[in-house]
file entry.txt (compact mmCIF, C-alpha atoms (C1' of nucleotides))
# COMPACT_ATOMS: atom_id res chain seq x y z
CA MET A 1 224.86 -104.43 -117.84
CA PRO A 2 227.22 -104.97 -120.70
CA ARG A 3 227.13 -108.34 -122.31
CA PHE A 4 229.07 -110.12 -125.01
CA VAL A 5 226.74 -111.97 -127.34
CA GLY A 6 226.97 -113.33 -130.85
CA THR A 7 229.70 -114.78 -133.01
CA PHE A 8 231.71 -112.74 -135.48
CA THR A 9 234.67 -113.65 -137.63
CA ASN A 10 237.02 -110.85 -138.58
CA LYS A 11 240.25 -110.70 -140.48
CA ILE A 12 243.68 -110.41 -139.00
CA ASP A 13 245.68 -108.18 -141.31
CA ALA A 14 249.34 -108.30 -142.14
CA LYS A 15 250.19 -106.22 -139.12
CA GLY A 16 248.43 -108.55 -136.72
CA ARG A 17 245.54 -106.17 -136.25
CA VAL A 18 241.97 -107.30 -135.88
CA SER A 19 238.74 -105.34 -135.55
CA VAL A 20 236.93 -106.04 -132.34
CA PRO A 21 233.23 -106.39 -133.22
CA ALA A 22 231.38 -103.17 -132.53
CA GLY A 23 229.05 -104.74 -130.01
CA PHE A 24 231.99 -106.13 -128.09
CA ARG A 25 233.62 -102.77 -128.00
CA ALA A 26 230.50 -101.36 -126.43
CA ALA A 27 230.35 -104.20 -123.93
CA ALA A 28 234.00 -103.83 -123.03
CA ALA A 29 233.73 -100.12 -122.40
CA GLY A 30 233.71 -99.94 -118.67
CA PRO A 31 233.04 -97.08 -116.35
CA GLY A 32 236.76 -96.55 -115.96
CA GLY A 33 237.06 -95.02 -119.39
CA PHE A 34 239.48 -97.77 -120.35
CA ASN A 35 239.33 -98.13 -124.07
CA GLY A 36 240.35 -101.66 -124.85
CA VAL A 37 240.09 -105.28 -123.80
CA SER A 38 241.80 -107.61 -121.37
CA LEU A 39 242.93 -110.88 -122.86
CA TYR A 40 244.65 -114.02 -121.68
CA PRO A 41 245.17 -117.48 -123.14
CA ALA A 42 242.44 -119.89 -122.12
CA PHE A 43 244.02 -122.63 -120.08
CA THR A 44 241.79 -125.39 -121.37
CA ASP A 45 241.60 -124.58 -125.06
CA ALA A 46 243.53 -123.21 -127.95
CA ALA A 47 241.69 -119.95 -127.59
CA LEU A 48 241.94 -116.55 -125.99
CA GLU A 49 239.62 -115.32 -123.34
CA GLY A 50 238.79 -111.70 -122.92
CA GLY A 51 236.52 -109.05 -121.62
CA GLY A 52 236.47 -105.58 -120.25
CA ARG A 53 238.84 -104.40 -117.67
CA ASP A 54 236.80 -105.95 -114.89
CA LEU A 55 237.35 -109.40 -116.36
CA LEU A 56 240.49 -110.04 -114.41
CA ASP A 57 238.63 -109.31 -111.21
CA ASP A 58 236.30 -112.16 -112.06
CA VAL A 59 239.17 -114.45 -112.83
CA GLU A 60 240.76 -113.72 -109.52
CA ALA A 61 237.52 -114.37 -107.75
CA ALA A 62 237.20 -117.68 -109.59
CA LEU A 63 240.71 -118.63 -108.53
CA ASP A 64 239.83 -117.74 -104.99
CA ARG A 65 236.95 -120.15 -105.10
CA LEU A 66 239.20 -122.93 -106.27
CA LYS A 67 240.76 -122.91 -102.84
CA LEU A 68 244.14 -123.53 -104.25
CA TYR A 69 247.22 -122.92 -102.24
CA GLY A 70 250.90 -123.02 -102.77
CA GLU A 71 252.14 -124.37 -106.04
CA GLU A 72 248.82 -125.07 -107.68
CA ARG A 73 247.45 -121.68 -107.16
CA GLU A 74 250.67 -120.12 -108.16
CA ALA A 75 250.57 -122.10 -111.35
CA PHE A 76 247.18 -120.72 -112.26
CA GLU A 77 248.14 -117.22 -111.41
CA ILE A 78 251.20 -117.39 -113.54
CA ALA A 79 249.45 -119.18 -116.38
CA VAL A 80 246.50 -116.82 -116.47
CA LEU A 81 247.22 -113.51 -114.89
CA GLY A 82 250.85 -113.61 -115.83
CA GLU A 83 249.97 -114.09 -119.48
CA ALA A 84 247.20 -111.53 -119.57
CA ARG A 85 247.47 -108.30 -121.50
CA GLU A 86 245.43 -105.18 -121.71
CA LEU A 87 245.17 -104.16 -125.32
CA ASN A 88 244.02 -100.70 -126.33
CA PHE A 89 241.81 -100.06 -129.30
CA ASP A 90 243.24 -97.97 -132.05
CA ALA A 91 241.18 -95.19 -133.56
CA ASP A 92 239.23 -97.70 -135.62
CA GLY A 93 238.45 -100.16 -132.86
CA ARG A 94 241.20 -102.65 -133.62
CA VAL A 95 243.73 -104.32 -131.39
CA THR A 96 247.08 -105.83 -132.26
CA LEU A 97 247.40 -109.37 -131.00
CA PRO A 98 250.85 -110.25 -129.65
CA ALA A 99 252.64 -113.14 -131.29
CA GLU A 100 252.25 -115.43 -128.25
CA PHE A 101 248.50 -115.01 -128.48
CA LEU A 102 248.38 -115.79 -132.17
CA ASP A 103 250.42 -118.81 -131.33
CA HIS A 104 248.40 -120.11 -128.47
CA ALA A 105 245.15 -119.91 -130.41
CA THR A 106 246.74 -121.01 -133.70
CA LEU A 107 245.34 -117.90 -135.30
CA ASN A 108 246.17 -117.41 -138.87
CA GLY A 109 244.30 -114.99 -141.05
CA GLN A 110 241.05 -114.84 -139.17
CA ALA A 111 239.72 -114.58 -135.66
CA THR A 112 236.31 -115.70 -134.48
CA PHE A 113 234.94 -113.71 -131.58
CA VAL A 114 232.45 -115.67 -129.50
CA GLY A 115 230.28 -113.84 -126.98
CA ARG A 116 229.84 -115.65 -123.71
CA GLY A 117 228.08 -113.17 -121.53
CA ARG A 118 230.46 -111.41 -119.25
CA ARG A 119 233.42 -112.45 -121.32
CA PHE A 120 234.22 -113.57 -124.82
CA GLN A 121 236.64 -115.86 -126.55
CA ILE A 122 238.72 -115.68 -129.69
CA TRP A 123 239.22 -118.80 -131.78
CA ALA A 124 240.63 -119.84 -135.08
CA PRO A 125 237.49 -120.35 -137.20
CA GLU A 126 238.33 -123.94 -138.15
CA VAL A 127 238.96 -124.92 -134.57
CA TYR A 128 235.85 -123.22 -133.36
CA ALA A 129 233.63 -124.94 -135.90
CA ASP A 130 234.16 -128.25 -134.14
CA LYS A 131 233.80 -126.76 -130.72
CA ARG A 132 230.55 -125.18 -131.71
CA ALA A 133 229.05 -128.31 -133.17
CA ALA A 134 229.93 -130.26 -130.06
CA ALA A 135 228.52 -127.59 -127.80
CA ARG A 136 225.30 -127.53 -129.72
CA ASP A 137 224.80 -131.25 -129.41
CA LYS A 138 225.56 -131.12 -125.76
CA ALA A 139 223.18 -128.24 -125.20
CA ARG A 140 220.39 -130.00 -127.02
CA GLU A 141 220.93 -132.98 -124.85
CA LEU A 142 220.90 -131.04 -121.61
CA ARG A 143 218.48 -128.35 -122.37
CA GLU A 144 216.17 -128.97 -119.47
CA LEU A 145 218.79 -127.41 -117.27
CA LEU A 146 218.27 -124.16 -118.99
CA ASP A 147 214.63 -124.16 -119.85
CA SER A 148 213.45 -123.44 -116.40
CA PRO A 149 214.86 -120.28 -114.91
CA HIS A 150 211.31 -119.44 -113.85
CA ALA A 151 209.70 -122.78 -113.75
CA ARG A 152 208.01 -123.59 -110.51
CA GLY A 153 206.65 -127.00 -111.22
CA ASN A 154 206.31 -127.58 -114.88
CA GLY A 155 204.10 -124.69 -115.95
CA ARG A 156 205.61 -122.24 -118.31
CA GLU A 157 204.77 -118.95 -116.68
CA ALA A 158 205.31 -118.34 -113.05
CA ALA A 159 202.62 -116.27 -111.41
CA GLU A 160 203.63 -112.84 -110.28
CA MET B 1 204.56 -108.08 -116.57
CA PRO B 2 205.18 -108.25 -120.28
CA ARG B 3 203.74 -111.15 -122.13
CA PHE B 4 203.98 -112.19 -125.73
CA VAL B 5 200.67 -113.42 -127.09
CA GLY B 6 199.18 -114.00 -130.50
CA THR B 7 200.51 -114.92 -133.91
CA PHE B 8 201.46 -112.40 -136.55
CA THR B 9 203.06 -112.79 -139.94
CA ASN B 10 205.04 -109.87 -141.28
CA LYS B 11 207.12 -109.30 -144.35
CA ILE B 12 210.87 -109.40 -144.53
CA ASP B 13 211.95 -106.73 -146.96
CA ALA B 14 214.88 -106.67 -149.34
CA LYS B 15 217.20 -105.42 -146.61
CA GLY B 16 216.30 -108.22 -144.24
CA ARG B 17 214.16 -105.98 -142.08
CA VAL B 18 210.99 -107.10 -140.44
CA SER B 19 208.48 -105.23 -138.30
CA VAL B 20 208.18 -106.64 -134.83
CA PRO B 21 204.45 -106.75 -134.00
CA ALA B 22 203.49 -103.72 -131.92
CA GLY B 23 202.35 -105.79 -128.99
CA PHE B 24 205.64 -107.62 -128.91
CA ARG B 25 207.54 -104.37 -128.93
CA ALA B 26 205.64 -103.29 -125.87
CA ALA B 27 206.29 -106.61 -124.20
CA ALA B 28 209.99 -106.50 -125.00
CA ALA B 29 210.53 -103.02 -123.63
CA GLY B 30 212.34 -103.58 -120.40
CA PRO B 31 213.23 -101.29 -117.56
CA GLY B 32 216.79 -101.01 -118.81
CA GLY B 33 215.82 -98.70 -121.63
CA PHE B 34 217.06 -101.27 -124.10
CA ASN B 35 214.99 -100.83 -127.21
CA GLY B 36 215.03 -104.10 -129.04
CA VAL B 37 214.82 -107.84 -128.75
CA SER B 38 217.16 -110.67 -127.91
CA LEU B 39 217.10 -113.58 -130.30
CA TYR B 40 218.81 -116.91 -130.66
CA PRO B 41 218.30 -119.99 -132.83
CA ALA B 42 216.13 -122.61 -131.16
CA PHE B 43 218.00 -125.81 -130.34
CA THR B 44 215.57 -128.28 -131.71
CA ASP B 45 213.54 -126.43 -134.31
CA ALA B 46 214.11 -124.40 -137.40
CA ALA B 47 212.96 -121.33 -135.56
CA LEU B 48 214.26 -118.38 -133.62
CA GLU B 49 213.54 -117.78 -130.02
CA GLY B 50 213.37 -114.34 -128.56
CA GLY B 51 212.29 -112.01 -125.86
CA GLY B 52 213.23 -108.80 -124.19
CA ARG B 53 216.64 -108.15 -122.85
CA ASP B 54 215.67 -109.92 -119.66
CA LEU B 55 215.58 -113.14 -121.63
CA LEU B 56 219.34 -113.25 -121.69
CA ASP B 57 219.46 -112.05 -118.11
CA ASP B 58 217.53 -115.18 -117.25
CA VAL B 59 219.87 -117.30 -119.30
CA GLU B 60 222.87 -115.80 -117.63
CA ALA B 61 221.36 -116.24 -114.22
CA ALA B 62 220.73 -119.89 -115.01
CA LEU B 63 224.27 -120.28 -116.26
CA ASP B 64 225.70 -118.68 -113.18
CA ARG B 65 224.41 -121.60 -111.23
CA LEU B 66 226.74 -123.86 -113.17
CA LYS B 67 230.44 -124.20 -112.62
CA LEU B 68 232.45 -121.48 -114.25
CA TYR B 69 234.56 -123.79 -116.35
CA GLY B 70 232.24 -126.75 -116.43
CA GLU B 71 231.37 -128.55 -119.58
CA GLU B 72 227.66 -127.84 -119.35
CA ARG B 73 228.10 -124.19 -118.84
CA GLU B 74 230.42 -124.00 -121.76
CA ALA B 75 227.96 -125.81 -123.98
CA PHE B 76 225.14 -123.45 -123.15
CA GLU B 77 227.24 -120.35 -123.36
CA ILE B 78 228.32 -121.30 -126.82
CA ALA B 79 224.97 -122.56 -128.02
CA VAL B 80 222.92 -119.72 -126.61
CA LEU B 81 224.98 -116.64 -125.86
CA GLY B 82 227.36 -117.37 -128.68
CA GLU B 83 224.52 -117.59 -131.16
CA ALA B 84 222.37 -114.85 -129.71
CA ARG B 85 222.04 -111.30 -130.93
CA GLU B 86 220.59 -108.24 -129.37
CA LEU B 87 218.81 -106.44 -132.15
CA ASN B 88 217.75 -102.83 -131.79
CA PHE B 89 214.52 -101.54 -133.19
CA ASP B 90 214.81 -98.87 -135.80
CA ALA B 91 212.62 -95.80 -135.56
CA ASP B 92 209.72 -97.79 -137.01
CA GLY B 93 209.98 -100.81 -134.78
CA ARG B 94 211.79 -103.07 -137.19
CA VAL B 95 214.84 -105.22 -136.72
CA THR B 96 217.30 -106.51 -139.29
CA LEU B 97 217.73 -110.25 -139.08
CA PRO B 98 221.29 -111.45 -139.67
CA ALA B 99 221.82 -113.90 -142.49
CA GLU B 100 222.54 -116.82 -140.14
CA PHE B 101 219.16 -116.33 -138.55
CA LEU B 102 217.34 -116.27 -141.85
CA ASP B 103 219.21 -119.43 -142.63
CA HIS B 104 218.52 -121.30 -139.47
CA ALA B 105 214.81 -120.65 -139.61
CA THR B 106 214.64 -120.98 -143.42
CA LEU B 107 213.04 -117.57 -143.55
CA ASN B 108 212.34 -116.26 -146.95
CA GLY B 109 210.00 -113.38 -147.50
CA GLN B 110 207.94 -113.66 -144.37
CA ALA B 111 208.29 -114.21 -140.67
CA THR B 112 205.63 -115.55 -138.33
CA PHE B 113 205.88 -114.26 -134.77
CA VAL B 114 204.37 -116.63 -132.26
CA GLY B 115 203.74 -115.43 -128.72
CA ARG B 116 204.70 -117.88 -126.03
CA GLY B 117 204.20 -115.90 -122.88
CA ARG B 118 207.52 -114.87 -121.52
CA ARG B 119 209.16 -115.27 -124.88
CA PHE B 120 208.23 -115.66 -128.50
CA GLN B 121 209.36 -117.52 -131.57
CA ILE B 122 209.85 -116.67 -135.20
CA TRP B 123 209.06 -119.23 -137.86
CA ALA B 124 208.78 -119.45 -141.57
CA PRO B 125 204.99 -119.46 -142.14
CA GLU B 126 204.98 -122.75 -144.04
CA VAL B 127 207.04 -124.48 -141.43
CA TYR B 128 204.94 -123.11 -138.64
CA ALA B 129 201.72 -124.28 -140.24
CA ASP B 130 202.84 -127.86 -139.81
CA LYS B 131 204.11 -127.28 -136.34
CA ARG B 132 200.85 -125.69 -135.37
CA ALA B 133 198.74 -128.47 -136.78
CA ALA B 134 200.82 -131.03 -134.97
CA ALA B 135 200.58 -129.10 -131.73
CA ARG B 136 196.83 -128.90 -132.08
CA ASP B 137 196.50 -132.60 -132.59
CA LYS B 138 198.74 -133.26 -129.69
CA ALA B 139 196.79 -130.88 -127.49
CA ARG B 140 193.50 -132.50 -128.45
CA GLU B 141 194.93 -135.84 -127.69
CA LEU B 142 196.20 -134.81 -124.28
CA ARG B 143 193.50 -132.46 -123.23
CA GLU B 144 192.71 -134.22 -119.98
CA LEU B 145 196.04 -133.05 -118.69
CA LEU B 146 195.03 -129.47 -119.00
CA ASP B 147 191.86 -128.82 -117.06
CA SER B 148 193.16 -129.14 -113.57
CA PRO B 149 195.10 -126.10 -112.44
CA HIS B 150 192.15 -124.69 -110.45
CA ALA B 151 190.09 -127.78 -110.01
CA ARG B 152 189.25 -128.59 -106.42
CA GLY B 153 187.26 -131.73 -106.75
CA ASN B 154 185.37 -131.69 -109.96
CA GLY B 155 183.57 -128.38 -109.72
CA ARG B 156 184.40 -125.73 -112.22
CA GLU B 157 184.83 -122.60 -110.16
CA ALA B 158 187.33 -122.21 -107.41
CA ALA B 159 185.86 -120.39 -104.43
CA GLU B 160 187.67 -117.38 -103.04
C1' DT C 1 268.54 -99.25 -139.51
C1' DG C 2 265.22 -102.54 -139.23
C1' DC C 3 261.16 -103.76 -136.35
C1' DT C 4 256.98 -102.62 -134.27
C1' DA C 5 253.39 -99.87 -132.56
C1' DT C 6 250.46 -95.74 -133.56
C1' DC C 7 248.07 -92.69 -136.00
C1' DC C 8 245.73 -91.19 -140.04
C1' DC C 9 243.13 -91.67 -144.23
C1' DA C 10 240.42 -94.13 -148.11
C1' DT C 11 236.91 -97.30 -149.41
C1' DA C 12 233.32 -100.73 -149.69
C1' DA C 13 229.75 -102.89 -147.43
C1' DT C 14 226.51 -102.87 -144.05
C1' DG C 15 223.43 -100.91 -140.80
C1' DT C 16 220.65 -97.07 -139.11
C1' DC C 17 217.76 -93.11 -139.65
C1' DC C 18 214.25 -90.60 -141.82
C1' DC C 19 210.34 -89.79 -144.69
C1' DA C 20 206.38 -91.26 -147.69
C1' DT C 21 202.61 -94.20 -148.37
C1' DA C 22 199.05 -97.91 -147.68
C1' DT C 23 195.90 -100.09 -144.71
C1' DG C 24 192.75 -100.80 -141.25
C1' DA C 25 190.69 -99.85 -136.80
C1' DA C 26 188.80 -96.59 -133.76
C1' DA C 27 186.83 -92.04 -132.94
C1' DC C 28 184.07 -88.45 -134.38
C1' DC C 29 180.37 -85.95 -136.51
C1' DA C 30 176.19 -84.76 -138.92
C1' DT D 1 173.60 -94.75 -139.14
C1' DG D 2 176.62 -93.65 -142.70
C1' DG D 3 180.43 -91.27 -143.77
C1' DT D 4 184.70 -88.96 -142.64
C1' DT D 5 188.72 -88.00 -139.90
C1' DT D 6 192.45 -89.51 -137.04
C1' DC D 7 195.79 -92.45 -135.55
C1' DA D 8 198.94 -96.37 -135.25
C1' DT D 9 200.92 -99.93 -137.70
C1' DA D 10 203.26 -102.12 -141.50
C1' DT D 11 206.05 -101.46 -145.54
C1' DG D 12 209.06 -99.36 -149.28
C1' DG D 13 212.95 -96.68 -150.49
C1' DG D 14 216.56 -92.97 -150.23
C1' DA D 15 220.10 -90.54 -147.37
C1' DC D 16 223.43 -90.85 -144.07
C1' DA D 17 226.52 -92.99 -140.41
C1' DT D 18 229.13 -96.82 -138.81
C1' DT D 19 231.92 -100.73 -139.44
C1' DA D 20 235.44 -103.62 -141.25
C1' DT D 21 239.55 -103.54 -143.76
C1' DG D 22 243.65 -102.09 -146.46
C1' DG D 23 247.54 -99.23 -146.74
C1' DG D 24 250.71 -95.09 -145.96
C1' DA D 25 253.24 -92.13 -142.78
C1' DT D 26 255.34 -91.28 -138.39
C1' DA D 27 257.55 -92.18 -133.98
C1' DG D 28 259.78 -94.94 -130.65
C1' DC D 29 263.03 -98.83 -129.54
C1' DA D 30 266.62 -102.04 -129.96
call {"tool": "encode", "arguments": {"input": "entry.txt", "output": "C-alpha cells"}}
result
Amino acid sequence: MPRFVGTFTNKIDAKGRVSVPAGFRAAAAGPGGFNGVSLYPAFTDAALEGGGRDLLDDVEAALDRLKLYGEEREAFEIAVLGEARELNFDADGRVTLPAEFLDHATLNGQATFVGRGRRFQIWAPEVYADKRAAARDKARELRELLDSPHARGNGREAAE
Amino acid sequence: MPRFVGTFTNKIDAKGRVSVPAGFRAAAAGPGGFNGVSLYPAFTDAALEGGGRDLLDDVEAALDRLKLYGEEREAFEIAVLGEARELNFDADGRVTLPAEFLDHATLNGQATFVGRGRRFQIWAPEVYADKRAAARDKARELRELLDSPHARGNGREAAE
DNA sequence: TGCTATCCCATAATGTCCCATATGAAACCA
DNA sequence: TGGTTTCATATGGGACATTATGGGATAGCA
C-alpha cells in the first residue's frame, strides 16, 4: 500500500519545475503505469493537494458522501475536479506546476511537500510553518484520540 | 506477534547511521516485505517513536475514523504522517536518521532504543536516564494499581 | 518569432551497498 | 573443564547509485 509520509522542501526552478520527492514518486506510481501525479487546489487552504492517479476517485467518493445536490455539489465539482490536472514526471522526476497552481498556493521559489497518507499537499514553506505549528499543538492536545487504535480498556497491548 | 522489548544503546556514526537492535529488526519485519522501520517525533517528549510498517497502518486506520476534512484529522495527519519517515534497513540492519530527527531527540553520538511492546522509542541516553528514573519513581509510587489484572479475590494464581 | 513544454546532460550532495573488523555469546571438542 | 571455533551483531569506511538541481537544445504552438 503506497503511502505519502514525511515533509520535504524542494526548489522551484526558473522554468517552474520542481522535483517530486523520491518517496512520493514511488507512492504515486500506481498499477496503471501512470507516471505522474494528480493535483488540484485545496479548497480550504492556500495549498495544492495531490496523489496518485487514484486520488481523484477518493475525492469523488468524498463528494458523494457529502450528499450535495444541485448547485452546491456542482460548485465542488467545478472547484476541485475542474481545476485538477494530471502532471507527468519528466525523466528526472520533476513536474512543471501551471501558473494557476503557483498562484493559488502562493508558491515562489520553493515548494514544501507534506505527506498525508493517501495523499499529499504542497505548500509555500513560510505558510506551512504556521500550519504545522498549529497542527502540532492541536495534536498534542487531542492525542488520546490517536493513542488507542488497539486499546481495549486502558492497557497498552491488546491480547491476541 | 512482534513485540519490542528491552533497552539498547547503539552508536550513531559519522553518516548518521545507527544499528537497529537485532530483536527490533525481527519485530519490525512485517508481512508486507517492507524491510525497515517507521518513525516519527513524539508529541510530548524529545524522543522518536517507531515501529514496523503496521504502525502507520494503525495510525491511518485511526485517522480514517475521523472526518476527511475535519480539523482533528488534519492536525494528526500533519503532526504524525507529515513528520514520519519510513526508513529502510541497509544490508547490515542500520538506518540513517534524518537531521530533523537527530534534532528533535537531541541525539548526538548515541541512540537508546527502548522497547514498548507494540512500538519502541529512541532517546538520547542522557535524556532517557532521567526519564527512566522518573518512571521508576512513579511506578513505585503507584504500584498498587498494577497487581490486579489476574487477581480474582486476593489469591495470587488464577485457576484455569 | 516568442513562449512553453520536453528531453537530455552535467554536477554536487546524499543515500545505499558492500566488505572488513571487533566483540561477545553459544557451540563444540579434547 | 578449559580452550577453541563458529556465528551473529555492531561498527567503520570505501565504492557506487540515486536524488535534487541547473542549464542547454529541440520541438510544438500561437
call {"tool": "interface_residues", "arguments": {"input": "entry.txt", "of": "chain A", "to": "chain C", "cutoff": "12 Å", "atoms": "all atoms listed in the file", "output": "ChimeraX atom specification"}}
result
/A:15-17,22,87-92,94-99
call {"tool": "calpha_fit_and_write", "arguments": {"input": "entry.txt", "fixed": "chain B", "moving": "chain A", "output": "compact mmCIF listing (two decimals) with C-alpha atoms, in the coordinates of the input"}}
result
# COMPACT_ATOMS: atom_id res chain seq x y z
CA MET A 1 203.61 -107.86 -116.77
CA PRO A 2 204.46 -107.84 -120.42
CA ARG A 3 203.54 -110.91 -122.35
CA PHE A 4 204.03 -112.16 -125.88
CA VAL A 5 200.84 -113.68 -127.21
CA GLY A 6 199.45 -114.44 -130.64
CA THR A 7 200.90 -115.43 -133.98
CA PHE A 8 201.71 -112.94 -136.71
CA THR A 9 203.39 -113.39 -140.06
CA ASN A 10 205.20 -110.39 -141.48
CA LYS A 11 207.28 -109.82 -144.55
CA ILE A 12 211.02 -109.66 -144.70
CA ASP A 13 211.89 -107.01 -147.25
CA ALA A 14 214.81 -106.87 -149.61
CA LYS A 15 216.98 -105.28 -146.98
CA GLY A 16 216.36 -108.03 -144.46
CA ARG A 17 214.06 -105.86 -142.39
CA VAL A 18 210.97 -107.16 -140.69
CA SER A 19 208.29 -105.39 -138.66
CA VAL A 20 208.05 -106.67 -135.14
CA PRO A 21 204.32 -107.00 -134.36
CA ALA A 22 203.09 -104.00 -132.42
CA GLY A 23 202.04 -106.04 -129.42
CA PHE A 24 205.46 -107.62 -129.23
CA ARG A 25 207.10 -104.26 -129.33
CA ALA A 26 205.05 -103.24 -126.34
CA ALA A 27 205.89 -106.45 -124.53
CA ALA A 28 209.58 -106.10 -125.27
CA ALA A 29 209.76 -102.56 -124.00
CA GLY A 30 211.38 -102.99 -120.66
CA PRO A 31 211.91 -100.57 -117.85
CA GLY A 32 215.45 -99.98 -119.05
CA GLY A 33 214.28 -97.90 -121.97
CA PHE A 34 215.92 -100.38 -124.32
CA ASN A 35 214.14 -100.13 -127.60
CA GLY A 36 214.57 -103.45 -129.31
CA VAL A 37 214.65 -107.20 -128.85
CA SER A 38 217.16 -109.83 -127.83
CA LEU A 39 217.39 -112.77 -130.17
CA TYR A 40 219.32 -116.00 -130.39
CA PRO A 41 219.01 -119.16 -132.46
CA ALA A 42 216.90 -121.80 -130.76
CA PHE A 43 219.10 -124.77 -130.09
CA THR A 44 216.42 -127.36 -130.70
CA ASP A 45 214.67 -125.97 -133.74
CA ALA A 46 215.20 -124.08 -136.92
CA ALA A 47 213.83 -120.99 -135.27
CA LEU A 48 214.90 -117.89 -133.42
CA GLU A 49 214.02 -117.19 -129.86
CA GLY A 50 213.61 -113.72 -128.54
CA GLY A 51 212.25 -111.39 -125.97
CA GLY A 52 212.94 -108.20 -124.18
CA ARG A 53 216.25 -107.37 -122.74
CA ASP A 54 215.57 -109.42 -119.64
CA LEU A 55 215.28 -112.57 -121.74
CA LEU A 56 218.93 -113.41 -121.49
CA ASP A 57 218.69 -113.27 -117.73
CA ASP A 58 216.11 -116.02 -117.92
CA VAL A 59 218.25 -118.06 -120.23
CA GLU A 60 221.16 -117.82 -117.88
CA ALA A 61 219.00 -118.86 -115.00
CA ALA A 62 217.77 -121.84 -117.02
CA LEU A 63 221.35 -122.83 -117.78
CA ASP A 64 222.14 -122.56 -114.12
CA ARG A 65 219.41 -125.01 -113.34
CA LEU A 66 220.81 -127.49 -115.81
CA LYS A 67 223.71 -127.97 -113.46
CA LEU A 68 226.10 -128.24 -116.29
CA TYR A 69 229.77 -127.85 -115.76
CA GLY A 70 232.84 -127.74 -117.86
CA GLU A 71 232.47 -128.49 -121.51
CA GLU A 72 228.74 -129.03 -121.62
CA ARG A 73 227.88 -125.82 -120.01
CA GLU A 74 230.40 -124.01 -122.05
CA ALA A 75 228.83 -125.45 -125.15
CA PHE A 76 225.44 -124.06 -124.25
CA GLU A 77 226.82 -120.71 -123.35
CA ILE A 78 228.63 -120.42 -126.60
CA ALA A 79 225.74 -121.79 -128.64
CA VAL A 80 223.15 -119.55 -127.04
CA LEU A 81 224.62 -116.52 -125.43
CA GLY A 82 227.47 -116.34 -127.86
CA GLU A 83 225.06 -116.25 -130.78
CA ALA A 84 222.64 -113.80 -129.24
CA ARG A 85 222.16 -110.29 -130.54
CA GLU A 86 220.37 -107.25 -129.33
CA LEU A 87 218.60 -105.67 -132.24
CA ASN A 88 217.26 -102.13 -132.07
CA PHE A 89 214.00 -101.10 -133.63
CA ASP A 90 214.17 -98.54 -136.35
CA ALA A 91 211.77 -95.62 -136.33
CA ASP A 92 209.01 -97.83 -137.70
CA GLY A 93 209.42 -100.73 -135.32
CA ARG A 94 211.46 -102.97 -137.60
CA VAL A 95 214.64 -104.89 -137.00
CA THR A 96 217.21 -106.12 -139.49
CA LEU A 97 217.90 -109.80 -139.08
CA PRO A 98 221.55 -110.77 -139.54
CA ALA A 99 222.33 -113.29 -142.24
CA GLU A 100 223.21 -116.06 -139.75
CA PHE A 101 219.76 -115.74 -138.25
CA LEU A 102 218.01 -115.91 -141.58
CA ASP A 103 220.09 -118.95 -142.22
CA HIS A 104 219.47 -120.77 -139.02
CA ALA A 105 215.71 -120.37 -139.28
CA THR A 106 215.65 -120.87 -143.06
CA LEU A 107 213.82 -117.59 -143.36
CA ASN A 108 213.03 -116.49 -146.80
CA GLY A 109 210.49 -113.82 -147.52
CA GLN A 110 208.40 -114.09 -144.41
CA ALA A 111 208.75 -114.45 -140.68
CA THR A 112 206.16 -115.86 -138.32
CA PHE A 113 206.28 -114.42 -134.84
CA VAL A 114 204.87 -116.78 -132.22
CA GLY A 115 204.10 -115.46 -128.75
CA ARG A 116 205.06 -117.79 -125.96
CA GLY A 117 204.54 -115.76 -122.86
CA ARG A 118 207.74 -114.32 -121.60
CA ARG A 119 209.45 -114.90 -124.89
CA PHE A 120 208.60 -115.41 -128.52
CA GLN A 121 209.92 -117.30 -131.48
CA ILE A 122 210.42 -116.54 -135.14
CA TRP A 123 209.83 -119.26 -137.71
CA ALA A 124 209.61 -119.70 -141.41
CA PRO A 125 205.84 -119.97 -142.00
CA GLU A 126 206.03 -123.32 -143.78
CA VAL A 127 208.13 -124.85 -141.05
CA TYR A 128 205.93 -123.48 -138.35
CA ALA A 129 202.75 -124.84 -139.90
CA ASP A 130 203.87 -128.37 -139.11
CA LYS A 131 205.10 -127.47 -135.68
CA ARG A 132 201.81 -125.86 -134.88
CA ALA A 133 199.70 -128.76 -136.02
CA ALA A 134 201.77 -131.16 -133.97
CA ALA A 135 201.60 -128.95 -130.92
CA ARG A 136 197.87 -128.69 -131.20
CA ASP A 137 197.41 -132.42 -131.31
CA LYS A 138 199.69 -132.86 -128.39
CA ALA A 139 197.92 -130.20 -126.39
CA ARG A 140 194.54 -131.73 -127.06
CA GLU A 141 195.86 -135.00 -125.86
CA LEU A 142 197.33 -133.62 -122.67
CA ARG A 143 194.93 -130.93 -121.84
CA GLU A 144 194.10 -132.09 -118.37
CA LEU A 145 197.48 -130.82 -117.32
CA LEU A 146 196.39 -127.35 -118.09
CA ASP A 147 192.74 -127.34 -117.25
CA SER A 148 193.22 -127.23 -113.57
CA PRO A 149 195.27 -124.31 -112.36
CA HIS A 150 192.58 -123.78 -109.73
CA ALA A 151 191.04 -127.14 -109.48
CA ARG A 152 190.91 -128.53 -106.00
CA GLY A 153 189.24 -131.82 -106.58
CA ASN A 154 187.31 -131.81 -109.76
CA GLY A 155 184.97 -128.86 -109.28
CA ARG A 156 185.39 -126.01 -111.63
CA GLU A 157 185.49 -123.06 -109.29
CA ALA A 158 187.58 -123.03 -106.22
CA ALA A 159 185.97 -121.35 -103.25
CA GLU A 160 187.51 -118.12 -102.14
call {"tool": "closest_residue", "arguments": {"input": "entry.txt", "among": "B:Leu56, B:Val18, B:Ala129, B:Val5", "to": "chain D", "atoms": "only C-alpha atoms (C1' of nucleotides)"}}
result
B:Val18
call {"tool": "closest_atom_pairs", "arguments": {"input": "entry.txt", "of": "chain D", "to": "chain B", "cutoff": "10 Å", "atoms": "only C-alpha atoms (C1' of nucleotides)", "output": "CSV"}}
result
residue,atom,partner,partner_atom,distance
D:DA8,C1',B:Ala22,CA,9.3
D:DT9,C1',B:Ala22,CA,7.4
D:DA10,C1',B:Ser19,CA,6.9
D:DT11,C1',B:Lys11,CA,8.0
D:DG12,C1',B:Asp13,CA,8.2
call {"tool": "atom_distance", "arguments": {"input": "entry.txt", "atom1": "CA of Asp64 in chain B", "atom2": "CA of Asp58 in chain A"}}
result
12.5 Å
